[in-house]
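Participant: This is input11.csv, which holds CSV, C-alpha atoms and all ligand atoms:
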chain,number,residue,atom,x,y,z
A,1,MET,CA,106.4,79.7,145.2
A,2,SER,CA,104.3,79.5,148.4
A,3,ARG,CA,101.0,80.8,149.4
A,4,TYR,CA,102.7,81.9,152.6
A,5,TRP,CA,104.9,84.4,150.8
A,6,SER,CA,104.0,88.1,150.7
A,7,ALA,CA,103.2,89.8,147.4
A,8,VAL,CA,106.6,91.5,147.6
A,9,THR,CA,108.4,88.1,147.9
A,10,HIS,CA,106.5,86.8,144.9
A,11,GLY,CA,107.7,89.7,142.9
A,12,LEU,CA,111.4,89.5,143.6
A,13,THR,CA,114.2,88.5,141.2
A,14,PRO,CA,117.2,88.0,143.6
A,15,TYR,CA,120.8,88.8,142.8
A,16,VAL,CA,122.8,85.6,142.0
A,17,PRO,CA,126.2,85.7,143.6
A,18,GLY,CA,129.2,84.2,141.8
A,19,GLU,CA,129.6,80.5,142.5
A,20,GLN,CA,131.4,79.5,145.7
A,21,PRO,CA,132.4,76.0,144.8
A,22,VAL,CA,133.0,73.3,147.4
A,23,LEU,CA,135.5,71.5,145.1
A,24,ASP,CA,139.2,71.8,146.1
A,25,ASN,CA,141.8,72.8,143.6
A,26,LEU,CA,139.5,75.0,141.5
A,27,ILE,CA,141.1,78.2,140.3
A,28,LYS,CA,138.5,80.7,141.3
A,29,LEU,CA,138.6,83.8,139.1
A,30,ASN,CA,134.9,84.5,139.3
A,31,THR,CA,134.1,86.8,142.3
A,32,ASN,CA,137.0,89.3,142.4
A,33,GLU,CA,138.4,88.0,145.7
A,34,ASN,CA,142.0,88.9,146.5
A,35,PRO,CA,144.5,86.1,146.1
A,36,TYR,CA,146.9,87.5,148.7
A,37,GLY,CA,144.7,87.2,151.7
A,38,PRO,CA,144.1,89.5,154.6
A,39,SER,CA,146.8,91.2,156.7
A,40,PRO,CA,148.3,88.7,159.2
A,41,LYS,CA,147.7,91.5,161.7
A,42,ALA,CA,144.0,91.4,161.0
A,43,LEU,CA,143.9,87.6,161.4
A,44,ALA,CA,145.7,87.9,164.7
A,45,ALA,CA,143.3,90.6,165.9
A,46,ILE,CA,140.3,88.4,165.0
A,47,ARG,CA,141.8,85.5,166.9
A,48,ALA,CA,142.4,87.7,169.9
A,49,ALA,CA,138.8,88.8,169.7
A,50,THR,CA,137.4,85.3,170.0
A,51,GLU,CA,137.1,85.4,173.8
A,52,ASP,CA,134.5,85.7,176.5
A,53,THR,CA,133.5,89.2,175.4
A,54,LEU,CA,131.7,87.6,172.5
A,55,ARG,CA,128.8,87.2,174.9
A,56,LEU,CA,128.5,91.0,174.8
A,57,TYR,CA,127.0,92.9,171.9
A,58,PRO,CA,129.4,94.9,169.8
A,59,ASP,CA,129.6,98.7,169.8
A,60,PRO,CA,126.4,99.6,167.8
A,61,ASP,CA,128.1,102.8,166.6
A,62,ALA,CA,131.5,101.2,165.7
A,63,LYS,CA,133.1,104.3,167.1
A,64,ALA,CA,136.7,103.0,167.0
A,65,LEU,CA,136.4,101.9,163.4
A,66,LYS,CA,134.7,105.1,162.3
A,67,ALA,CA,137.4,107.2,163.9
A,68,THR,CA,140.2,105.2,162.2
A,69,LEU,CA,138.5,105.4,158.8
A,70,ALA,CA,137.9,109.2,159.4
A,71,HIS,CA,141.5,109.7,160.1
A,72,ARG,CA,142.7,107.7,157.1
A,73,TYR,CA,140.3,109.6,154.7
A,74,LYS,CA,140.7,113.0,156.3
A,75,VAL,CA,137.0,113.5,157.2
A,76,GLY,CA,135.2,113.8,160.4
A,77,PRO,CA,133.9,110.6,162.2
A,78,GLU,CA,130.3,111.8,161.7
A,79,GLN,CA,131.0,111.6,158.0
A,80,VAL,CA,131.6,107.8,158.1
A,81,PHE,CA,129.0,105.1,158.0
A,82,VAL,CA,129.8,101.3,158.3
A,83,GLY,CA,127.8,98.3,157.4
A,84,ASN,CA,127.9,94.5,157.0
A,85,GLY,CA,129.6,94.5,153.6
A,86,SER,CA,129.1,97.3,151.1
A,87,ASP,CA,126.1,95.4,149.8
A,88,GLU,CA,124.4,96.2,153.1
A,89,VAL,CA,125.5,99.9,152.9
A,90,LEU,CA,124.2,100.0,149.3
A,91,ALA,CA,120.9,98.4,150.4
A,92,LEU,CA,120.4,101.0,153.1
A,93,ALA,CA,121.4,103.8,150.8
A,94,PHE,CA,119.0,102.7,148.1
A,95,ILE,CA,116.0,102.9,150.4
A,96,GLY,CA,117.2,105.8,152.5
A,97,LEU,CA,118.8,108.1,150.0
A,98,LEU,CA,118.0,107.0,146.4
A,99,LYS,CA,114.2,106.5,146.4
A,100,HIS,CA,112.5,109.6,145.1
A,101,VAL,CA,109.5,110.5,142.9
A,102,ARG,CA,111.8,110.9,139.9
A,103,PRO,CA,113.7,107.7,138.8
A,104,LEU,CA,117.1,106.7,139.9
A,105,TRP,CA,119.6,106.8,137.0
A,106,ILE,CA,122.1,103.9,136.7
A,107,PRO,CA,124.3,102.8,133.7
A,108,ASP,CA,122.8,100.1,131.5
A,109,VAL,CA,125.9,97.9,132.1
A,110,THR,CA,126.6,98.0,135.8
A,111,TYR,CA,126.6,96.1,139.1
A,112,SER,CA,123.7,93.8,138.7
A,113,PHE,CA,122.6,94.2,142.4
A,114,TYR,CA,121.3,97.7,141.7
A,115,PRO,CA,118.1,96.7,139.8
A,116,VAL,CA,117.5,94.0,142.5
A,117,TYR,CA,117.4,96.7,145.3
A,118,CYS,CA,115.2,98.8,143.1
A,119,ALA,CA,112.7,95.9,142.8
A,120,LEU,CA,112.8,95.2,146.5
A,121,TYR,CA,112.1,98.8,147.5
A,122,GLY,CA,109.9,99.8,144.5
A,123,ILE,CA,112.4,102.3,143.2
A,124,GLU,CA,111.8,103.4,139.6
A,125,TYR,CA,115.0,103.4,137.6
A,126,ARG,CA,116.3,104.4,134.2
A,127,GLN,CA,119.3,102.6,132.6
A,128,VAL,CA,121.5,105.1,130.9
A,129,PRO,CA,123.5,103.5,128.1
A,130,LEU,CA,127.3,103.5,128.3
A,131,ASP,CA,129.0,104.5,125.0
A,132,ASP,CA,130.2,101.8,122.5
A,133,GLY,CA,133.5,101.4,124.5
A,134,PHE,CA,131.5,101.0,127.7
A,135,VAL,CA,132.6,104.5,128.9
A,136,LEU,CA,130.2,106.5,131.0
A,137,ARG,CA,129.5,109.9,129.4
A,138,PRO,CA,129.0,112.5,132.2
A,139,GLU,CA,126.7,114.6,129.8
A,140,ASP,CA,124.2,111.8,129.8
A,141,TYR,CA,123.5,112.5,133.5
A,142,PHE,CA,123.1,116.2,133.2
A,143,PRO,CA,119.6,117.5,133.8
A,144,CYS,CA,117.7,118.8,130.8
A,145,GLY,CA,114.6,120.8,131.8
A,146,GLU,CA,112.2,118.3,133.5
A,147,ASN,CA,114.3,115.4,132.4
A,148,ARG,CA,116.5,114.9,135.4
A,149,ALA,CA,117.4,112.2,137.8
A,150,GLY,CA,115.8,111.7,141.3
A,151,ALA,CA,119.1,110.2,142.3
A,152,ILE,CA,122.2,108.7,140.5
A,153,ALA,CA,124.3,105.6,141.3
A,154,PHE,CA,127.2,104.1,139.5
A,155,PRO,CA,130.3,102.1,140.4
A,156,ASN,CA,133.7,103.7,139.7
A,157,PRO,CA,135.6,101.8,138.4
A,158,ASN,CA,132.5,100.3,136.8
A,159,ALA,CA,131.5,96.7,137.3
A,160,PRO,CA,131.8,94.5,135.4
A,161,THR,CA,133.7,96.6,132.8
A,162,GLY,CA,136.6,97.8,135.0
A,163,ARG,CA,136.6,101.2,133.3
A,164,LEU,CA,137.5,104.2,135.4
A,165,LEU,CA,135.8,107.5,135.1
A,166,PRO,CA,138.2,110.4,135.8
A,167,LEU,CA,137.5,112.3,139.0
A,168,ALA,CA,136.8,115.5,137.1
A,169,ASP,CA,134.0,113.7,135.3
A,170,VAL,CA,132.6,112.3,138.5
A,171,GLU,CA,132.5,115.9,139.8
A,172,ARG,CA,130.8,117.2,136.7
A,173,ILE,CA,127.9,114.7,137.3
A,174,VAL,CA,127.7,115.6,141.0
A,175,ALA,CA,127.8,119.3,140.4
A,176,ALA,CA,125.2,119.2,137.6
A,177,ASN,CA,122.7,117.4,139.9
A,178,PRO,CA,122.7,119.4,143.2
A,179,GLU,CA,119.1,118.2,143.8
A,180,ALA,CA,120.0,114.5,143.5
A,181,THR,CA,122.0,112.2,145.7
A,182,VAL,CA,124.9,110.8,143.7
A,183,LEU,CA,126.2,107.4,145.0
A,184,VAL,CA,129.6,106.4,143.7
A,185,ASP,CA,130.3,102.8,144.5
A,186,GLU,CA,134.1,102.6,144.8
A,187,ALA,CA,134.5,98.8,145.5
A,188,TYR,CA,137.5,98.7,143.2
A,189,ILE,CA,139.0,102.2,143.5
A,190,ASP,CA,142.1,101.0,145.4
A,191,PHE,CA,143.2,99.2,142.2
A,192,ALA,CA,143.3,102.4,140.1
A,193,ASP,CA,146.8,103.3,139.0
A,194,GLN,CA,146.6,106.8,140.6
A,195,ASP,CA,146.4,107.3,144.4
A,196,ASP,CA,144.0,110.2,144.0
A,197,ALA,CA,141.2,108.6,142.0
A,198,SER,CA,138.6,108.4,144.8
A,199,ALA,CA,135.7,110.8,145.0
A,200,ILE,CA,136.1,110.9,148.8
A,201,ALA,CA,138.3,114.0,148.0
A,202,LEU,CA,135.1,115.7,146.7
A,203,VAL,CA,132.7,115.1,149.6
A,204,ASP,CA,133.4,118.3,151.5
A,205,ARG,CA,132.5,120.3,148.4
A,206,HIS,CA,129.3,118.4,147.6
A,207,PRO,CA,126.5,117.7,150.1
A,208,ASN,CA,124.8,115.3,147.6
A,209,LEU,CA,127.8,112.9,147.2
A,210,LEU,CA,128.0,109.6,148.9
A,211,VAL,CA,131.1,107.4,148.3
A,212,VAL,CA,130.9,103.6,149.2
A,213,HIS,CA,133.9,101.4,149.8
A,214,THR,CA,134.4,97.8,150.8
A,215,PHE,CA,137.1,95.7,152.7
A,216,SER,CA,136.2,92.7,150.5
A,217,LYS,CA,138.5,93.4,147.5
A,218,SER,CA,141.6,95.4,148.2
A,219,ARG,CA,141.8,94.3,151.9
A,220,ALA,CA,141.0,90.7,151.1
A,221,LEU,CA,138.3,90.5,153.8
A,222,ALA,CA,135.3,89.4,151.7
A,223,GLY,CA,134.5,86.7,154.3
A,224,LEU,CA,134.3,89.2,157.2
A,225,ARG,CA,131.7,91.5,155.6
A,226,ILE,CA,132.7,95.1,156.1
A,227,GLY,CA,131.7,98.1,154.0
A,228,PHE,CA,131.6,101.8,154.6
A,229,ALA,CA,130.3,105.1,153.1
A,230,ILE,CA,131.7,108.6,153.3
A,231,GLY,CA,129.7,111.8,152.7
A,232,GLN,CA,128.6,114.9,154.5
A,233,ARG,CA,127.0,114.5,157.9
A,234,ASN,CA,123.4,114.9,156.6
A,235,LEU,CA,123.7,112.0,154.2
A,236,ILE,CA,125.4,109.8,156.9
A,237,ALA,CA,122.6,110.8,159.4
A,238,GLY,CA,120.1,109.5,156.9
A,239,LEU,CA,121.8,106.2,156.6
A,240,GLU,CA,122.1,105.9,160.4
A,241,ARG,CA,118.3,106.4,160.7
A,242,VAL,CA,117.7,103.6,158.3
A,243,LYS,CA,120.3,101.3,159.8
A,244,ASN,CA,118.9,101.8,163.3
A,245,SER,CA,115.4,100.9,162.0
A,246,PHE,CA,116.8,97.6,160.6
A,247,ASN,CA,119.8,96.2,162.5
A,248,SER,CA,121.6,97.9,165.4
A,249,TYR,CA,124.7,95.7,165.2
A,250,PRO,CA,125.6,95.1,161.6
A,251,LEU,CA,129.3,94.7,162.4
A,252,ASP,CA,130.2,92.0,165.0
A,253,ARG,CA,133.1,92.0,167.3
A,254,LEU,CA,135.3,89.9,165.1
A,255,ALA,CA,134.6,92.2,162.1
A,256,LEU,CA,135.3,95.3,164.0
A,257,ALA,CA,138.6,93.9,165.3
A,258,GLY,CA,139.7,92.6,161.9
A,259,ALA,CA,138.8,95.8,160.1
A,260,LEU,CA,140.7,98.0,162.5
A,261,ALA,CA,143.8,95.9,162.4
A,262,SER,CA,143.6,95.8,158.6
A,263,LEU,CA,143.6,99.6,158.4
A,264,GLU,CA,146.7,99.7,160.7
A,265,ASP,CA,148.7,97.5,158.3
A,266,GLU,CA,149.3,99.9,155.5
A,267,PRO,CA,152.4,98.1,154.1
A,268,TRP,CA,150.4,94.9,153.6
A,269,PHE,CA,147.6,96.8,151.9
A,270,GLN,CA,150.0,98.6,149.6
A,271,ALA,CA,152.0,95.5,148.7
A,272,SER,CA,148.9,93.4,147.7
A,273,ARG,CA,147.4,96.3,145.8
A,274,SER,CA,150.6,96.9,143.8
A,275,LYS,CA,151.0,93.3,143.0
A,276,ILE,CA,147.5,93.1,141.6
A,277,ILE,CA,148.0,96.2,139.6
A,278,ALA,CA,151.2,94.8,138.1
A,279,THR,CA,149.7,91.4,137.4
A,280,ARG,CA,146.7,93.1,135.7
A,281,ALA,CA,149.1,94.7,133.2
A,282,THR,CA,150.9,91.4,132.5
A,283,LEU,CA,147.7,89.4,132.2
A,284,THR,CA,146.1,92.0,129.9
A,285,ALA,CA,149.1,91.8,127.5
A,286,GLN,CA,149.0,87.9,127.6
A,287,LEU,CA,145.2,87.8,126.9
A,288,GLN,CA,145.7,90.3,124.0
A,289,ALA,CA,148.4,88.1,122.6
A,290,LEU,CA,145.9,85.2,122.7
A,291,GLY,CA,143.5,87.2,120.6
A,292,LEU,CA,141.2,88.5,123.3
A,293,GLU,CA,140.0,92.1,123.3
A,294,VAL,CA,140.5,93.5,126.8
A,295,LEU,CA,138.9,96.7,128.1
A,296,PRO,CA,141.3,99.0,130.0
A,297,SER,CA,140.7,98.1,133.7
A,298,ALA,CA,141.3,100.0,136.9
A,299,ALA,CA,140.0,97.1,139.0
A,300,ASN,CA,141.1,93.7,140.2
A,301,PHE,CA,139.6,92.0,137.2
A,302,VAL,CA,139.6,92.4,133.4
A,303,PHE,CA,136.6,92.3,131.1
A,304,ALA,CA,137.7,90.5,128.0
A,305,ARG,CA,136.1,89.4,124.7
A,306,PRO,CA,137.4,86.3,122.9
A,307,THR,CA,137.4,86.7,119.1
A,308,GLY,CA,136.2,83.7,117.1
A,309,PHE,CA,134.9,81.8,120.1
A,310,ASP,CA,131.7,82.2,122.0
A,311,ALA,CA,132.2,83.6,125.5
A,312,ALA,CA,129.8,81.3,127.3
A,313,GLU,CA,131.4,78.3,125.6
A,314,LEU,CA,134.9,79.5,126.6
A,315,ALA,CA,133.8,79.8,130.2
A,316,ALA,CA,132.4,76.3,130.0
A,317,GLU,CA,135.7,75.0,128.5
A,318,LEU,CA,137.7,76.7,131.2
A,319,ARG,CA,135.5,75.2,133.8
A,320,LYS,CA,136.3,71.7,132.5
A,321,ARG,CA,139.9,72.6,133.2
A,322,ALA,CA,139.0,73.7,136.8
A,323,ILE,CA,139.1,77.4,136.2
A,324,ILE,CA,136.0,79.5,136.9
A,325,VAL,CA,135.4,83.0,135.5
A,326,ARG,CA,132.2,85.0,135.4
A,327,HIS,CA,129.9,85.3,132.4
A,328,PHE,CA,126.9,87.7,132.5
A,329,LYS,CA,124.1,86.8,130.1
A,330,ILE,CA,122.8,90.3,129.5
A,331,PRO,CA,122.8,91.0,125.7
A,332,ARG,CA,125.4,93.8,125.6
A,333,THR,CA,128.0,91.8,127.5
A,334,ALA,CA,127.2,88.3,126.4
A,335,GLN,CA,130.4,88.0,124.5
A,336,TYR,CA,132.6,89.1,127.4
A,337,LEU,CA,134.1,87.3,130.4
A,338,ARG,CA,135.0,88.9,133.7
A,339,ILE,CA,138.2,87.5,134.9
A,340,THR,CA,139.6,88.2,138.4
A,341,ILE,CA,143.3,89.0,138.7
A,342,GLY,CA,144.7,86.0,140.5
A,343,ASN,CA,148.2,85.3,141.7
A,344,ASP,CA,151.0,84.5,139.2
A,345,ASN,CA,150.3,80.7,139.2
A,346,GLN,CA,146.6,81.2,138.7
A,347,CYS,CA,147.2,83.6,135.8
A,348,THR,CA,149.7,81.1,134.2
A,349,ALA,CA,147.1,78.3,134.5
A,350,LEU,CA,144.5,80.5,132.9
A,351,THR,CA,146.7,81.6,130.0
A,352,ASP,CA,147.9,77.9,129.5
A,353,SER,CA,144.3,76.7,129.3
A,354,LEU,CA,143.3,79.5,127.0
A,355,ARG,CA,146.1,78.6,124.7
A,356,ASP,CA,145.0,75.0,124.8
A,357,ILE,CA,141.3,75.8,124.1
A,358,LEU,CA,141.7,78.5,121.5
A,359,GLY,CA,144.6,76.7,119.8
A,360,THR,CA,142.7,73.4,119.2
A,361,THR,CA,139.8,75.1,117.4
A,362,ARG,CA,141.8,77.3,115.0
A,401,LIG,C1,132.0,93.4,145.3
A,401,LIG,C2,131.1,94.6,145.1
A,401,LIG,C3,130.4,95.1,146.1
A,401,LIG,C4,130.1,94.3,147.4
A,401,LIG,O1,131.0,94.2,148.2
A,401,LIG,P1,130.8,93.6,149.7
A,401,LIG,O2,131.4,94.7,150.5
A,401,LIG,O3,131.5,92.3,149.7
A,401,LIG,O4,129.3,93.5,149.9
A,401,LIG,C5,129.7,96.3,145.9
A,401,LIG,N1,129.8,96.9,144.7
A,401,LIG,C6,130.4,96.4,143.7
A,401,LIG,C7,130.5,97.1,142.4
A,401,LIG,C8,131.2,95.2,143.8
A,401,LIG,O5,131.8,94.7,142.8
Mind turning the file's structure into structure tokens?
Ligand SMILES: *Cc1c(COP(=O)(O)O)cnc(C)c1O
Facilitator:
Amino acid sequence: MSRYWSAVTHGLTPYVPGEQPVLDNLIKLNTNENPYGPSPKALAAIRAATEDTLRLYPDPDAKALKATLAHRYKVGPEQVFVGNGSDEVLALAFIGLLKHVRPLWIPDVTYSFYPVYCALYGIEYRQVPLDDGFVLRPEDYFPCGENRAGAIAFPNPNAPTGRLLPLADVERIVAANPEATVLVDEAYIDFADQDDASAIALVDRHPNLLVVHTFSKSRALAGLRIGFAIGQRNLIAGLERVKNSFNSYPLDRLALAGALASLEDEPWFQASRSKIIATRATLTAQLQALGLEVLPSAANFVFARPTGFDAAELAAELRKRAIIVRHFKIPRTAQYLRITIGNDNQCTALTDSLRDILGTTR
């Protein structure tokens, strides 16, 4: 607290990111980073970009990156927006597209950054409960007379549950709310089993749909900070207005170079994604064998509930064994742990420790 702070600053409750420990040898399964690392071609491109041209500002419009993304996702370059991590894209979308007289509707269990943006920008929001299996029911988002959303936002797959809403259900929500912007945060969509799960396929039919992606998870570039959004040109133009009122150069030269080269290495992307999908199936079965309930996941993490052991205590026990996972204190999920899919050695260390912890107390 400081008397020099504005009233806005006094009123904030900031998002708390997962711990980034300085200790070596910790098995870090708490922030959904990708264990397989970025494409070596991306690393080479970043190295090549560390030269004298760093004295020059980067391209404020990121034209080359937008063109490559547009080509990959079969949309026009004017349908692509890029930002400094998808968190920045979300922040700009919240103020630029989701703040209206009627409240923003979000799931009750969802990415915990959403309420933080709402508080920052003074956006009224309503938390729509997921069903008992943490499934989002499209009908709950349909307008009913005057009871309708000013805008809607949800991750798909949802965070931290990992549950995937089928594309047809996403479209039902978008189609039922033609007056409202619907933001679908697809941070984890590349880990869905099907290749055609992304709502990007719907943007040409729906002027109110914005789909947000990140390079942090499936492209293993969390440290470089690259996110993007795809929608019809009017939505993108709105985001550009906000961006150009805030920061003209959100992506630096190294990020632009790394992002482009990452997109050009499709084999690396597919291999890392397939490996994580396969490991998710193995780990899910192993956790179930250890007595944990595991929600079906389409992401690079699982959301699991230990039976007969308190989730927070289990996280603390794992930490003593140098394994960190994420525990969210909100009541509905207090008995769950979100566990990132690591590499094979990390998963074995996790299941060995769980066997040890759960075995000794039973
Ligand atoms: C990780 C994550 C993001 C943020 O990704 P960055 O691009 O690293 O900012 C956004 N939304 C959800 C649901 C996430 O889990």
Participant: Using all atoms listed in the file, find all polymer residues with an atom at most 9 Å away from the point (140.2, 89.9, 134.7); report them as a PDB file with C-alpha atoms, keeping the file's coordinate frame.
Facilitator:
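Wrote it out as out09.pdb, contents follow:
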ATOM      1  CA  LEU A  29     138.600  83.800 139.100  1.00  0.00           C
ATOM      2  CA  ASN A  30     134.900  84.500 139.300  1.00  0.00           C
ATOM      3  CA  ASN A  32     137.000  89.300 142.400  1.00  0.00           C
ATOM      4  CA  GLY A 162     136.600  97.800 135.000  1.00  0.00           C
ATOM      5  CA  ARG A 280     146.700  93.100 135.700  1.00  0.00           C
ATOM      6  CA  LEU A 283     147.700  89.400 132.200  1.00  0.00           C
ATOM      7  CA  THR A 284     146.100  92.000 129.900  1.00  0.00           C
ATOM      8  CA  VAL A 294     140.500  93.500 126.800  1.00  0.00           C
ATOM      9  CA  SER A 297     140.700  98.100 133.700  1.00  0.00           C
ATOM     10  CA  ALA A 299     140.000  97.100 139.000  1.00  0.00           C
ATOM     11  CA  ASN A 300     141.100  93.700 140.200  1.00  0.00           C
ATOM     12  CA  PHE A 301     139.600  92.000 137.200  1.00  0.00           C
ATOM     13  CA  VAL A 302     139.600  92.400 133.400  1.00  0.00           C
ATOM     14  CA  PHE A 303     136.600  92.300 131.100  1.00  0.00           C
ATOM     15  CA  ALA A 304     137.700  90.500 128.000  1.00  0.00           C
ATOM     16  CA  VAL A 325     135.400  83.000 135.500  1.00  0.00           C
ATOM     17  CA  LEU A 337     134.100  87.300 130.400  1.00  0.00           C
ATOM     18  CA  ARG A 338     135.000  88.900 133.700  1.00  0.00           C
ATOM     19  CA  ILE A 339     138.200  87.500 134.900  1.00  0.00           C
ATOM     20  CA  THR A 340     139.600  88.200 138.400  1.00  0.00           C
ATOM     21  CA  ILE A 341     143.300  89.000 138.700  1.00  0.00           C
ATOM     22  CA  GLY A 342     144.700  86.000 140.500  1.00  0.00           C
TER      23      GLY A 342
END
Participant: What are the closest atom pairs, with distances in Å to one decimal, for all residues of chain A lying within 6 Å of ligand LIG 401 (chain A)? Consider all atoms listed in the file, order rows by chain and residue number, and present the result as JSON lines.
Facilitator:
{"residue": "A:Gly85", "atom": "CA", "partner": "A:LIG401", "partner_atom": "O2", "distance": 3.6}
{"residue": "A:Ser86", "atom": "CA", "partner": "A:LIG401", "partner_atom": "O2", "distance": 3.5}
{"residue": "A:Asp87", "atom": "CA", "partner": "A:LIG401", "partner_atom": "O4", "distance": 3.7}
{"residue": "A:Tyr111", "atom": "CA", "partner": "A:LIG401", "partner_atom": "C7", "distance": 5.2}
{"residue": "A:Pro155", "atom": "CA", "partner": "A:LIG401", "partner_atom": "C7", "distance": 5.4}
{"residue": "A:Ala159", "atom": "CA", "partner": "A:LIG401", "partner_atom": "C7", "distance": 5.2}
{"residue": "A:Asp185", "atom": "CA", "partner": "A:LIG401", "partner_atom": "N1", "distance": 5.9}
{"residue": "A:Ala187", "atom": "CA", "partner": "A:LIG401", "partner_atom": "C6", "distance": 5.1}
{"residue": "A:Thr214", "atom": "CA", "partner": "A:LIG401", "partner_atom": "O2", "distance": 4.3}
{"residue": "A:Ser216", "atom": "CA", "partner": "A:LIG401", "partner_atom": "O3", "distance": 4.8}
{"residue": "A:Ala222", "atom": "CA", "partner": "A:LIG401", "partner_atom": "O3", "distance": 5.2}
{"residue": "A:Arg225", "atom": "CA", "partner": "A:LIG401", "partner_atom": "O3", "distance": 6.0}
{"residue": "A:Ile226", "atom": "CA", "partner": "A:LIG401", "partner_atom": "O2", "distance": 5.8}
{"residue": "A:Gly227", "atom": "CA", "partner": "A:LIG401", "partner_atom": "O2", "distance": 4.9}
Participant: Using atom CA of Ile276 of chain A and atom CA of Ala197 of chain A as the two end points, give the distance in Å to one decimal.
Facilitator: 16.7 Å
Participant: May I ask which of the residues A:Phe94, A:Phe142, A:Phe269, A:Phe81 is the closest one to Ala119 of chain A, counting only C-alpha atoms?
Facilitator: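 Result for the nearest residue to Ala119 of chain A: A:Phe94.
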Participant: Kindly indicate which residue among A:Asn345, A:Asn247, A:Arg219, A:His71 lies nearest to Gln270 of chain A, using only C-alpha atoms for the distances.
Facilitator: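 Selected residue with least distance to Gln270 of chain A: A:Arg219.
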Participant: Considering only C-alpha atoms, can you say which of A:Leu202, A:Cys118, A:Ala48, A:Leu314 comes closest to Leu92 of chain A?
Facilitator: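 Looking only at the distances to Leu92 of chain A, the closest residue turns out to be A:Cys118.
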Participant: Pick out the residues sitting within 6 Å of Ile152 of chain A, and hand them over as JSON, numbers by chain; count only C-alpha atoms, and ignore anything fewer than 2 positions along from it in its own chain.
Facilitator: {"A": [104, 105, 182]}
Participant: Rounded to one decimal place, report the atom CA of Ala91 of chain A-atom CA of Asp190 of chain A distance in Å.
Facilitator: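 Interatomic distance, atom CA of Ala91 of chain A to atom CA of Asp190 of chain A: 21.9 Å.
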Participant: Could you pull the residues within 8 Å of Pro250 of chain A, counting all atoms listed in the file, minus those fewer than 2 positions along the same chain, as a VMD selection string?
Facilitator: chain A and resid 60 83 to 84 247 to 248 252
Participant: Any chance you could export the current selection's C-alpha atoms as a tab-separated table (two decimals), in the frame of the given file?
Facilitator:
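Final output, selection-v8.tsv:
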chain	number	residue	atom	x	y	z
A	60	PRO	CA	126.40	99.60	167.80
A	83	GLY	CA	127.80	98.30	157.40
A	84	ASN	CA	127.90	94.50	157.00
A	247	ASN	CA	119.80	96.20	162.50
A	248	SER	CA	121.60	97.90	165.40
A	252	ASP	CA	130.20	92.00	165.00
Participant: Using all atoms listed in the file, which residue out of A:Leu354, A:Gly76, A:Pro157, A:Pro103 lies closest to Arg319 of chain A?
Facilitator: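 Among the listed residues, A:Leu354 lies closest to Arg319 of chain A.
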Participant: Between A:Ile123, A:Val101, A:Ser272, A:Pro207, which is the closest to Glu33 of chain A once you count all atoms listed in the file?
Facilitator: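 Once distances to Glu33 of chain A are computed over all atoms listed in the file, the minimum belongs to A:Ser272.
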Participant: Which protein, DNA or RNA residues have an atom at most 12 Å from (124.4, 94.5, 139.7), counting only C-alpha atoms? List them as a VMD selection string.
Facilitator: chain A and resid 13 to 18 87 90 to 91 106 to 118 127 153 to 155 158 to 161 185 328 330
Participant: Please indicate the distance in Å from atom CA of Gln79 of chain A to atom CA of Lys66 of chain A, rounded to one decimal place.
Facilitator: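 Atom-to-atom, atom CA of Gln79 of chain A to atom CA of Lys66 of chain A, that is 8.6 Å.
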Participant: Quick one: everything within 7 Å of Asn34 of chain A, counting all atoms listed in the file, minus sequence neighbours fewer than 6 positions away in the same chain. Send it as a ChimeraX atom specification.
Facilitator: /A:217-218,220
Participant: Could you save the residues just selected, with C-alpha atoms, as a PDB file, in the frame of the given file?
Facilitator:
ATOM      1  CA  LYS A 217     138.500  93.400 147.500  1.00  0.00           C
ATOM      2  CA  SER A 218     141.600  95.400 148.200  1.00  0.00           C
ATOM      3  CA  ALA A 220     141.000  90.700 151.100  1.00  0.00           C
TER       4      ALA A 220
END
Participant: Find the residue from A:Pro129, A:Pro21, A:Gly258, A:Pro166 that sits nearest to Ile46 of chain A; use all atoms listed in the file when measuring.
Facilitator: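 Of A:Pro129, A:Pro21, A:Gly258, A:Pro166, the one nearest Ile46 of chain A, counting all atoms listed in the file, is A:Gly258.
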Participant: Skipping near chain neighbours, those fewer than 6 positions away, what residues fall within 12 Å of Pro178 of chain A using only C-alpha atoms, listed as a list in words?
Facilitator: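 Counting only the stated atoms, we get Tyr141, Phe142, Pro143, Arg148, Ala149, Gly150, Ala151, Ile152, Glu171, Arg172, Arg205, His206, Pro207, Asn208 and Leu209 of chain A.
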Participant: Got time to write the residues from that selection, C-alpha atoms, as an mmCIF file, in the coordinates of the input?
Facilitator:
data_model
loop_
_atom_site.group_PDB
_atom_site.id
_atom_site.type_symbol
_atom_site.label_atom_id
_atom_site.label_comp_id
_atom_site.auth_asym_id
_atom_site.auth_seq_id
_atom_site.Cartn_x
_atom_site.Cartn_y
_atom_site.Cartn_z
ATOM 1 C CA TYR A 141 123.500 112.500 133.500
ATOM 2 C CA PHE A 142 123.100 116.200 133.200
ATOM 3 C CA PRO A 143 119.600 117.500 133.800
ATOM 4 C CA ARG A 148 116.500 114.900 135.400
ATOM 5 C CA ALA A 149 117.400 112.200 137.800
ATOM 6 C CA GLY A 150 115.800 111.700 141.300
ATOM 7 C CA ALA A 151 119.100 110.200 142.300
ATOM 8 C CA ILE A 152 122.200 108.700 140.500
ATOM 9 C CA GLU A 171 132.500 115.900 139.800
ATOM 10 C CA ARG A 172 130.800 117.200 136.700
ATOM 11 C CA ARG A 205 132.500 120.300 148.400
ATOM 12 C CA HIS A 206 129.300 118.400 147.600
ATOM 13 C CA PRO A 207 126.500 117.700 150.100
ATOM 14 C CA ASN A 208 124.800 115.300 147.600
ATOM 15 C CA LEU A 209 127.800 112.900 147.200
#
